[in-house]
Amino acid sequence: MIEERWIINNPDEVKEALAKRGFEVDFNEYLNWKTIRNELLNQIESVRAQRNSLSKEIGLYKREKKDTTELFAKIDGLKQSIEDDEVTLKEIEEKIQTFLLALPNTPDEDIVAGDKEENEVLSYNLEQPVFDFEIKDHVDLATSLKLVDYERAAKISGRGTWIYTNLGARLEWALLNFFIDQHIKDGYEFMMLPHILNYESGLTAGQFPKFQDDVFWLEKEEPRKFMLPTAETALINVHRNEILSKDDLPRKYFGYTPCYRREAGSYRSEERGMIRGYQFNKVEMVQFTTKEGSDEAFAELMKKAESLMKQLGLHYRVSKLAAGDISFAMARTLDIEVWLPSIGIYKEVSSVSNSRTFQARRGKIRYRNENGEIKFCHTLNGSGLATSRLLPAILEQNQQADGSVRVPDVLVPYMGGITVLK
């Protein structure tokens, strides 16, 4: 959530920042609601003061044996006035809250305006692999090596799903175990999270209300609950409505979960197989930090995500996203995009993002500094990593002329010593 004081004091500045995303907003109605709200609060307090004063007079009237009928009538009238104003106040505050929740985060100052066409490639890792034979795509490789069963997955579930089988399941599990070991080694706390979350969790993460149709809802649950679209949604809420100590920051967590998303389904030619699906596996990192430690945390998350990719020996690039391509809750994002030789394009396998105080304001995630002041935390997240596009890249980049696939060296111990899938 954007800081209200910033909107009230510099609405044009906020409007300009949001315009970089292509988001147009008019703050006039919101500012008018804030004025009405403040007037109502003052009016309610004034009437309460009058009621309290009259209530004190009742005792005096009774001691002097005076008629209190008129006094009670005035108090009742003031009570009704307060109740009417409180109803109006609640309606105004709901309008203000709805308005604020619909505003995306403002991008950092150095983020360029525009959509994904304005994304900037910052770096590449390794050269694009070159093959002296006709290459296969990951679907053909996974099928011929009996790593994935798409047909039976479609039979038992539907399109946008797959079954990892035998060595395919072991390779997927090897990736996840490798990521987990690396994060534990780097001092991150491992969290096994619930997959079913409440509405407040989606609201804090910034996915609701705008993107509430992108998740799977449990329709018969009251209050409504949904299947988590990423471990970030759960991890960000671990400290919701809490006040931490500055001495305890940064807090560094990671979690492995399947991710469940309704957004699957464009099924373009480049999104065959595991490139886009309703369910996929991901290890996610999250940090809670101070404003002063925010940029350092971002650099660390990026370094960690890149380290995993480098150890896997894959060709990838790092892109700095333009304002219009950054997700709703984030102020800046760097994407790691892996190369898929069969279709000649890069696909995102990790996003490292900083929401600044946006999520913390929505979830009241705070800390107490050395002076005893209460401040909002900065929250950051980074994929470390998503496997549904990573496994296809491993298959395609490491394929050999005989149709076999080399296992990345770092995964061999997790594969029981298997070095080649054939």
# chains A, B, ... in the order shown; residues from 1 in each chain; ligands from 1

call {"tool": "residues_around", "arguments": {"residues": "Glu396 in chain A", "least_positions_apart": "5", "cutoff": "9 Å", "atoms": "only C-alpha atoms", "output": "JSON, numbers by chain"}}
result
{"A": [135, 136, 137, 138, 141, 339, 340, 341, 342, 391, 405]}

call {"tool": "residues_around", "arguments": {"residues": "Lys20 in chain A", "least_positions_apart": "3", "cutoff": "10 Å", "atoms": "only C-alpha atoms", "output": "PDB file with C-alpha atoms, in the first residue's frame"}}
result
ATOM      1  CA  LYS A  15       0.535  10.234  -9.965  1.00  0.00           C
ATOM      2  CA  GLU A  16       3.686  10.727 -12.052  1.00  0.00           C
ATOM      3  CA  ALA A  17       5.364   7.691 -10.484  1.00  0.00           C
ATOM      4  CA  PHE A  23      -1.453   3.398 -14.468  1.00  0.00           C
ATOM      5  CA  GLU A  24      -3.631   6.516 -14.513  1.00  0.00           C
ATOM      6  CA  THR A 106       5.292   2.953  -7.219  1.00  0.00           C
ATOM      7  CA  PRO A 107       8.465   1.920  -9.072  1.00  0.00           C
ATOM      8  CA  GLU A 109      13.182   6.276  -9.337  1.00  0.00           C
ATOM      9  CA  ILE A 111      13.103   2.257 -13.164  1.00  0.00           C
ATOM     10  CA  VAL A 112      12.268   3.307 -16.713  1.00  0.00           C
ATOM     11  CA  ALA A 113       8.707   3.851 -17.883  1.00  0.00           C
ATOM     12  CA  GLY A 114       7.027   1.474 -20.292  1.00  0.00           C
ATOM     13  CA  ASP A 115       6.170  -2.196 -20.666  1.00  0.00           C
ATOM     14  CA  ALA A 322      10.567  -1.659 -16.863  1.00  0.00           C
ATOM     15  CA  ALA A 323       7.861  -0.174 -14.641  1.00  0.00           C
ATOM     16  CA  GLY A 324       4.971  -1.652 -16.601  1.00  0.00           C
TER      17      GLY A 324
END

call {"tool": "residues_around", "arguments": {"residues": "Val238 in chain A", "least_positions_apart": "4", "cutoff": "12 Å", "atoms": "only C-alpha atoms", "output": "mmCIF file with N, CA and C atoms, in the first residue's frame"}}
result
data_model
loop_
_atom_site.group_PDB
_atom_site.id
_atom_site.type_symbol
_atom_site.label_atom_id
_atom_site.label_comp_id
_atom_site.auth_asym_id
_atom_site.auth_seq_id
_atom_site.Cartn_x
_atom_site.Cartn_y
_atom_site.Cartn_z
ATOM 1 N N MET A 191 11.163 -23.191 5.895
ATOM 2 C CA MET A 191 9.772 -23.193 6.348
ATOM 3 C C MET A 191 8.960 -24.161 5.476
ATOM 4 N N MET A 192 8.249 -25.081 6.123
ATOM 5 C CA MET A 192 7.277 -25.934 5.434
ATOM 6 C C MET A 192 5.910 -25.292 5.653
ATOM 7 N N LEU A 193 5.314 -24.799 4.589
ATOM 8 C CA LEU A 193 4.174 -23.889 4.685
ATOM 9 C C LEU A 193 2.847 -24.561 4.327
ATOM 10 N N PRO A 194 1.735 -24.047 4.867
ATOM 11 C CA PRO A 194 0.424 -24.526 4.412
ATOM 12 C C PRO A 194 0.185 -24.102 2.965
ATOM 13 N N LEU A 197 -4.548 -20.936 2.045
ATOM 14 C CA LEU A 197 -4.385 -19.658 2.743
ATOM 15 C C LEU A 197 -5.704 -18.899 2.833
ATOM 16 N N GLU A 200 -6.787 -12.692 3.846
ATOM 17 C CA GLU A 200 -5.865 -11.678 4.341
ATOM 18 C C GLU A 200 -4.446 -11.910 3.825
ATOM 19 N N SER A 201 -4.085 -13.177 3.617
ATOM 20 C CA SER A 201 -2.746 -13.481 3.111
ATOM 21 C C SER A 201 -2.573 -12.967 1.691
ATOM 22 N N THR A 204 -2.357 -9.043 1.838
ATOM 23 C CA THR A 204 -1.057 -8.542 2.287
ATOM 24 C C THR A 204 -0.009 -8.676 1.191
ATOM 25 N N ALA A 205 -0.010 -9.805 0.500
ATOM 26 C CA ALA A 205 0.984 -10.037 -0.551
ATOM 27 C C ALA A 205 0.787 -9.130 -1.753
ATOM 28 N N ALA A 231 5.085 -19.674 -2.754
ATOM 29 C CA ALA A 231 5.413 -19.692 -1.323
ATOM 30 C C ALA A 231 5.548 -18.280 -0.765
ATOM 31 N N GLU A 232 5.860 -17.312 -1.625
ATOM 32 C CA GLU A 232 5.976 -15.920 -1.168
ATOM 33 C C GLU A 232 4.708 -15.458 -0.467
ATOM 34 N N THR A 233 3.549 -15.853 -0.996
ATOM 35 C CA THR A 233 2.280 -15.416 -0.423
ATOM 36 C C THR A 233 2.170 -15.833 1.038
ATOM 37 N N ALA A 234 2.640 -17.030 1.352
ATOM 38 C CA ALA A 234 2.603 -17.500 2.738
ATOM 39 C C ALA A 234 3.730 -16.878 3.559
ATOM 40 N N GLU A 242 2.553 -8.035 13.272
ATOM 41 C CA GLU A 242 3.561 -8.179 14.320
ATOM 42 C C GLU A 242 4.498 -6.972 14.330
ATOM 43 N N ILE A 243 5.102 -6.747 15.501
ATOM 44 C CA ILE A 243 6.141 -5.737 15.649
ATOM 45 C C ILE A 243 7.423 -6.462 16.039
ATOM 46 N N LEU A 244 8.403 -6.473 15.146
ATOM 47 C CA LEU A 244 9.669 -7.139 15.387
ATOM 48 C C LEU A 244 10.659 -6.172 16.026
ATOM 49 N N ARG A 251 15.306 -10.860 8.765
ATOM 50 C CA ARG A 251 14.801 -12.222 8.875
ATOM 51 C C ARG A 251 14.864 -12.837 7.476
ATOM 52 N N LYS A 252 15.470 -14.006 7.377
ATOM 53 C CA LYS A 252 15.666 -14.657 6.085
ATOM 54 C C LYS A 252 15.006 -16.031 6.106
ATOM 55 N N TYR A 253 14.026 -16.219 5.235
ATOM 56 C CA TYR A 253 13.287 -17.474 5.163
ATOM 57 C C TYR A 253 13.293 -18.012 3.738
ATOM 58 N N PHE A 254 13.097 -19.322 3.631
ATOM 59 C CA PHE A 254 12.796 -19.890 2.321
ATOM 60 C C PHE A 254 11.843 -21.057 2.520
ATOM 61 N N GLY A 255 11.078 -21.344 1.473
ATOM 62 C CA GLY A 255 10.131 -22.442 1.542
ATOM 63 C C GLY A 255 10.002 -23.130 0.198
ATOM 64 N N VAL A 286 12.544 -15.207 0.989
ATOM 65 C CA VAL A 286 11.932 -13.950 1.430
ATOM 66 C C VAL A 286 12.790 -13.341 2.520
ATOM 67 N N GLN A 287 12.916 -12.026 2.492
ATOM 68 C CA GLN A 287 13.612 -11.319 3.570
ATOM 69 C C GLN A 287 12.740 -10.198 4.117
ATOM 70 N N PHE A 288 12.792 -10.005 5.439
ATOM 71 C CA PHE A 288 12.216 -8.854 6.123
ATOM 72 C C PHE A 288 13.393 -8.039 6.637
ATOM 73 N N ALA A 360 4.304 -4.525 3.629
ATOM 74 C CA ALA A 360 4.309 -4.351 5.086
ATOM 75 C C ALA A 360 3.183 -3.440 5.548
ATOM 76 N N GLY A 363 -0.008 -5.456 5.476
ATOM 77 C CA GLY A 363 -0.068 -6.495 6.495
ATOM 78 C C GLY A 363 0.355 -6.046 7.881
ATOM 79 N N LYS A 364 0.610 -4.730 8.044
ATOM 80 C CA LYS A 364 1.053 -4.193 9.347
ATOM 81 C C LYS A 364 2.245 -4.991 9.889
ATOM 82 N N ILE A 365 3.274 -5.104 9.054
ATOM 83 C CA ILE A 365 4.516 -5.795 9.433
ATOM 84 C C ILE A 365 5.531 -4.718 9.811
ATOM 85 N N THR A 379 10.059 -5.615 2.602
ATOM 86 C CA THR A 379 9.945 -7.043 2.291
ATOM 87 C C THR A 379 10.455 -7.297 0.879
#

call {"tool": "select_by_dssp", "arguments": {"residues": "range 125-166 of chain A", "states": "strand (DSSP E or B)", "output": "MDAnalysis selection string"}}
result
chainID A and resid 125 148:149 163:164

call {"tool": "closest_residue", "arguments": {"among": "A:Glu93, A:Glu300, A:Glu83, A:Glu189", "to": "Val352 in chain A", "atoms": "only C-alpha atoms"}}
result
A:Glu300

call {"tool": "closest_atom_pairs", "arguments": {"of": "range 136-160 of chain A", "to": "range 164-169 of chain A", "cutoff": "10 Å", "atoms": "only C-alpha atoms", "output": "JSON lines"}}
result
{"residue": "A:Ala142", "atom": "CA", "partner": "A:Gly168", "partner_atom": "CA", "distance": 7.6}
{"residue": "A:Thr143", "atom": "CA", "partner": "A:Gly168", "partner_atom": "CA", "distance": 9.9}
{"residue": "A:Leu145", "atom": "CA", "partner": "A:Gly168", "partner_atom": "CA", "distance": 8.5}
{"residue": "A:Lys146", "atom": "CA", "partner": "A:Thr165", "partner_atom": "CA", "distance": 6.8}
{"residue": "A:Leu147", "atom": "CA", "partner": "A:Gly168", "partner_atom": "CA", "distance": 3.8}
{"residue": "A:Val148", "atom": "CA", "partner": "A:Tyr164", "partner_atom": "CA", "distance": 4.6}
{"residue": "A:Asp149", "atom": "CA", "partner": "A:Tyr164", "partner_atom": "CA", "distance": 6.5}
{"residue": "A:Tyr150", "atom": "CA", "partner": "A:Tyr164", "partner_atom": "CA", "distance": 8.8}
{"residue": "A:Ala153", "atom": "CA", "partner": "A:Tyr164", "partner_atom": "CA", "distance": 9.3}

call {"tool": "residues_around", "arguments": {"residues": "range 120-125 of chain A", "least_positions_apart": "4", "cutoff": "12 Å", "atoms": "only C-alpha atoms", "output": "ChimeraX atom specification"}}
result
/A:111-116,129,306-323,325,333-339,346

call {"tool": "closest_residue", "arguments": {"among": "A:Lys90, A:Lys95, A:Arg368, A:Arg152", "to": "Asn32 in chain A", "atoms": "only C-alpha atoms"}}
result
A:Lys95

call {"tool": "residues_around", "arguments": {"residues": "Pro104 in chain A", "least_positions_apart": "3", "cutoff": "12 Å", "atoms": "only C-alpha atoms", "output": "ChimeraX atom specification"}}
result
/A:1-3,14-15,17-25,99-101,107,205-211,323-331,355,358-359,362

call {"tool": "atom_distance", "arguments": {"atom1": "CA of Ile236 in chain A", "atom2": "CA of Glu172 in chain A"}}
result
25.6 Å

call {"tool": "select_by_dssp", "arguments": {"residues": "range 78-327 of chain A", "states": "helix (DSSP H, G or I)", "output": "NGL selection string"}}
result
:A and (78-101 or 116-118 or 138-144 or 150-156 or 167-185 or 199-205 or 212-214 or 231-235 or 246-248 or 269-271 or 294-312 or 323-325)

call {"tool": "residues_around", "arguments": {"residues": "range 281-284 of chain A", "least_positions_apart": "3", "cutoff": "9 Å", "atoms": "only C-alpha atoms", "output": "number ranges by chain"}}
result
A: 172, 176, 179-180, 230-232, 235, 253-259, 381-388

call {"tool": "write_last_selection", "arguments": {"atoms": "C-alpha atoms", "output": "PDB file, in the first residue's frame"}}
result
ATOM      1  CA  GLU A 172      13.044 -32.750 -10.271  1.00  0.00           C
ATOM      2  CA  LEU A 176      14.709 -29.072  -5.158  1.00  0.00           C
ATOM      3  CA  PHE A 179      18.262 -25.546  -3.786  1.00  0.00           C
ATOM      4  CA  ILE A 180      17.250 -26.389  -0.205  1.00  0.00           C
ATOM      5  CA  THR A 230       3.684 -19.119  -4.663  1.00  0.00           C
ATOM      6  CA  ALA A 231       5.413 -19.692  -1.323  1.00  0.00           C
ATOM      7  CA  GLU A 232       5.976 -15.920  -1.168  1.00  0.00           C
ATOM      8  CA  LEU A 235       6.110 -16.372   3.757  1.00  0.00           C
ATOM      9  CA  TYR A 253      13.287 -17.474   5.163  1.00  0.00           C
ATOM     10  CA  PHE A 254      12.796 -19.890   2.321  1.00  0.00           C
ATOM     11  CA  GLY A 255      10.131 -22.442   1.542  1.00  0.00           C
ATOM     12  CA  TYR A 256       9.457 -25.190  -0.971  1.00  0.00           C
ATOM     13  CA  THR A 257       5.884 -25.535  -2.239  1.00  0.00           C
ATOM     14  CA  PRO A 258       3.979 -26.541  -5.313  1.00  0.00           C
ATOM     15  CA  CYS A 259       2.405 -23.440  -6.850  1.00  0.00           C
ATOM     16  CA  ASN A 381      11.470 -12.041  -2.364  1.00  0.00           C
ATOM     17  CA  GLY A 382      13.362 -14.087  -4.886  1.00  0.00           C
ATOM     18  CA  SER A 383      12.765 -17.405  -6.630  1.00  0.00           C
ATOM     19  CA  GLY A 384      15.466 -19.850  -5.760  1.00  0.00           C
ATOM     20  CA  LEU A 385      14.363 -21.392  -8.133  1.00  0.00           C
ATOM     21  CA  ALA A 386      11.273 -22.434 -10.156  1.00  0.00           C
ATOM     22  CA  THR A 387      11.752 -25.850 -11.744  1.00  0.00           C
ATOM     23  CA  SER A 388       9.079 -26.111 -14.443  1.00  0.00           C
TER      24      SER A 388
END

call {"tool": "closest_residue", "arguments": {"among": "A:Glu296, A:Asn241, A:Met415, A:Gln399", "to": "Tyr367 in chain A", "atoms": "only C-alpha atoms"}}
result
A:Asn241

call {"tool": "decode", "arguments": {"residues": "range 111-222 of chain A", "atoms": "C-alpha atoms", "output": "short mmCIF file (atom, residue, chain, number, x, y, z; two decimals), in the first residue's frame"}}
result
data_model
loop_
_atom_site.label_atom_id
_atom_site.label_comp_id
_atom_site.auth_asym_id
_atom_site.auth_seq_id
_atom_site.Cartn_x
_atom_site.Cartn_y
_atom_site.Cartn_z
CA ILE A 111 13.10 2.26 -13.16
CA VAL A 112 12.27 3.31 -16.71
CA ALA A 113 8.71 3.85 -17.88
CA GLY A 114 7.03 1.47 -20.29
CA ASP A 115 6.17 -2.20 -20.67
CA LYS A 116 8.33 -5.28 -21.25
CA GLU A 117 9.60 -3.86 -24.53
CA GLU A 118 11.62 -1.42 -22.40
CA ASN A 119 13.23 -4.12 -20.23
CA GLU A 120 17.02 -3.82 -20.14
CA VAL A 121 19.32 -6.83 -20.44
CA LEU A 122 22.09 -6.33 -17.89
CA SER A 123 24.26 -9.42 -18.31
CA TYR A 124 24.65 -12.91 -19.77
CA ASN A 125 26.08 -16.07 -18.24
CA LEU A 126 28.08 -18.30 -20.62
CA GLU A 127 27.60 -18.45 -24.38
CA GLN A 128 24.56 -19.92 -26.06
CA PRO A 129 25.17 -23.65 -26.51
CA VAL A 130 26.00 -24.70 -30.07
CA PHE A 131 25.00 -28.12 -31.44
CA ASP A 132 26.36 -30.02 -34.45
CA PHE A 133 23.23 -32.16 -34.67
CA GLU A 134 19.49 -31.62 -35.04
CA ILE A 135 18.25 -30.77 -31.56
CA LYS A 136 15.03 -31.87 -29.88
CA ASP A 137 12.76 -29.78 -27.71
CA HIS A 138 12.24 -30.64 -24.05
CA VAL A 139 8.89 -32.33 -24.69
CA ASP A 140 10.43 -34.83 -27.12
CA LEU A 141 13.44 -35.36 -24.86
CA ALA A 142 11.32 -35.87 -21.74
CA THR A 143 9.04 -38.28 -23.60
CA SER A 144 11.75 -40.33 -25.30
CA LEU A 145 13.74 -40.64 -22.05
CA LYS A 146 10.56 -41.49 -20.12
CA LEU A 147 11.08 -38.58 -17.73
CA VAL A 148 7.59 -37.08 -18.05
CA ASP A 149 4.18 -38.55 -18.93
CA TYR A 150 1.99 -35.88 -20.48
CA GLU A 151 -0.77 -38.15 -21.82
CA ARG A 152 -1.60 -39.82 -18.52
CA ALA A 153 -1.45 -36.46 -16.72
CA ALA A 154 -4.01 -35.10 -19.17
CA LYS A 155 -6.16 -38.18 -18.55
CA ILE A 156 -6.22 -37.83 -14.76
CA SER A 157 -6.13 -34.03 -14.54
CA GLY A 158 -6.34 -32.13 -17.83
CA ARG A 159 -4.21 -29.83 -19.96
CA GLY A 160 -1.46 -27.83 -18.32
CA THR A 161 -0.33 -30.73 -16.13
CA TRP A 162 2.32 -33.45 -16.25
CA ILE A 163 3.62 -36.45 -14.32
CA TYR A 164 7.32 -36.71 -13.51
CA THR A 165 8.22 -40.38 -13.86
CA ASN A 166 11.22 -42.43 -12.71
CA LEU A 167 14.42 -40.49 -13.52
CA GLY A 168 12.35 -37.41 -14.34
CA ALA A 169 10.92 -37.40 -10.82
CA ARG A 170 14.40 -37.95 -9.40
CA LEU A 171 15.82 -35.07 -11.45
CA GLU A 172 13.04 -32.75 -10.27
CA TRP A 173 13.64 -33.82 -6.67
CA ALA A 174 17.40 -33.43 -7.11
CA LEU A 175 16.90 -29.81 -8.17
CA LEU A 176 14.71 -29.07 -5.16
CA ASN A 177 17.11 -30.75 -2.74
CA PHE A 178 20.06 -28.88 -4.24
CA PHE A 179 18.26 -25.55 -3.79
CA ILE A 180 17.25 -26.39 -0.20
CA ASP A 181 20.78 -27.38 0.78
CA GLN A 182 22.21 -24.19 -0.71
CA HIS A 183 19.77 -21.94 1.16
CA ILE A 184 20.33 -23.72 4.48
CA LYS A 185 24.09 -23.38 3.97
CA ASP A 186 23.64 -19.63 3.46
CA GLY A 187 21.78 -19.21 6.75
CA TYR A 188 18.17 -19.06 5.56
CA GLU A 189 15.49 -20.61 7.78
CA PHE A 190 13.57 -23.44 6.09
CA MET A 191 9.77 -23.19 6.35
CA MET A 192 7.28 -25.93 5.43
CA LEU A 193 4.17 -23.89 4.68
CA PRO A 194 0.42 -24.53 4.41
CA HIS A 195 -0.84 -24.64 0.83
CA ILE A 196 -4.30 -23.33 1.73
CA LEU A 197 -4.38 -19.66 2.74
CA ASN A 198 -6.95 -17.11 3.91
CA TYR A 199 -7.99 -13.93 2.11
CA GLU A 200 -5.86 -11.68 4.34
CA SER A 201 -2.75 -13.48 3.11
CA GLY A 202 -3.53 -12.64 -0.51
CA LEU A 203 -4.35 -9.07 0.46
CA THR A 204 -1.06 -8.54 2.29
CA ALA A 205 0.98 -10.04 -0.55
CA GLY A 206 -0.67 -7.62 -2.99
CA GLN A 207 -2.41 -10.30 -5.05
CA PHE A 208 -5.88 -9.34 -3.84
CA PRO A 209 -8.25 -7.83 -4.65
CA LYS A 210 -7.03 -7.23 -8.22
CA PHE A 211 -5.77 -10.74 -9.02
CA GLN A 212 -8.13 -12.83 -6.94
CA ASP A 213 -9.43 -14.58 -10.06
CA ASP A 214 -5.94 -15.95 -10.81
CA VAL A 215 -5.99 -18.41 -7.90
CA PHE A 216 -7.89 -21.60 -7.15
CA TRP A 217 -10.56 -20.99 -4.50
CA LEU A 218 -12.02 -23.61 -2.18
CA GLU A 219 -15.61 -22.69 -2.89
CA LYS A 220 -17.25 -24.48 0.05
CA GLU A 221 -14.95 -22.98 2.69
CA GLU A 222 -16.19 -20.09 4.82
#
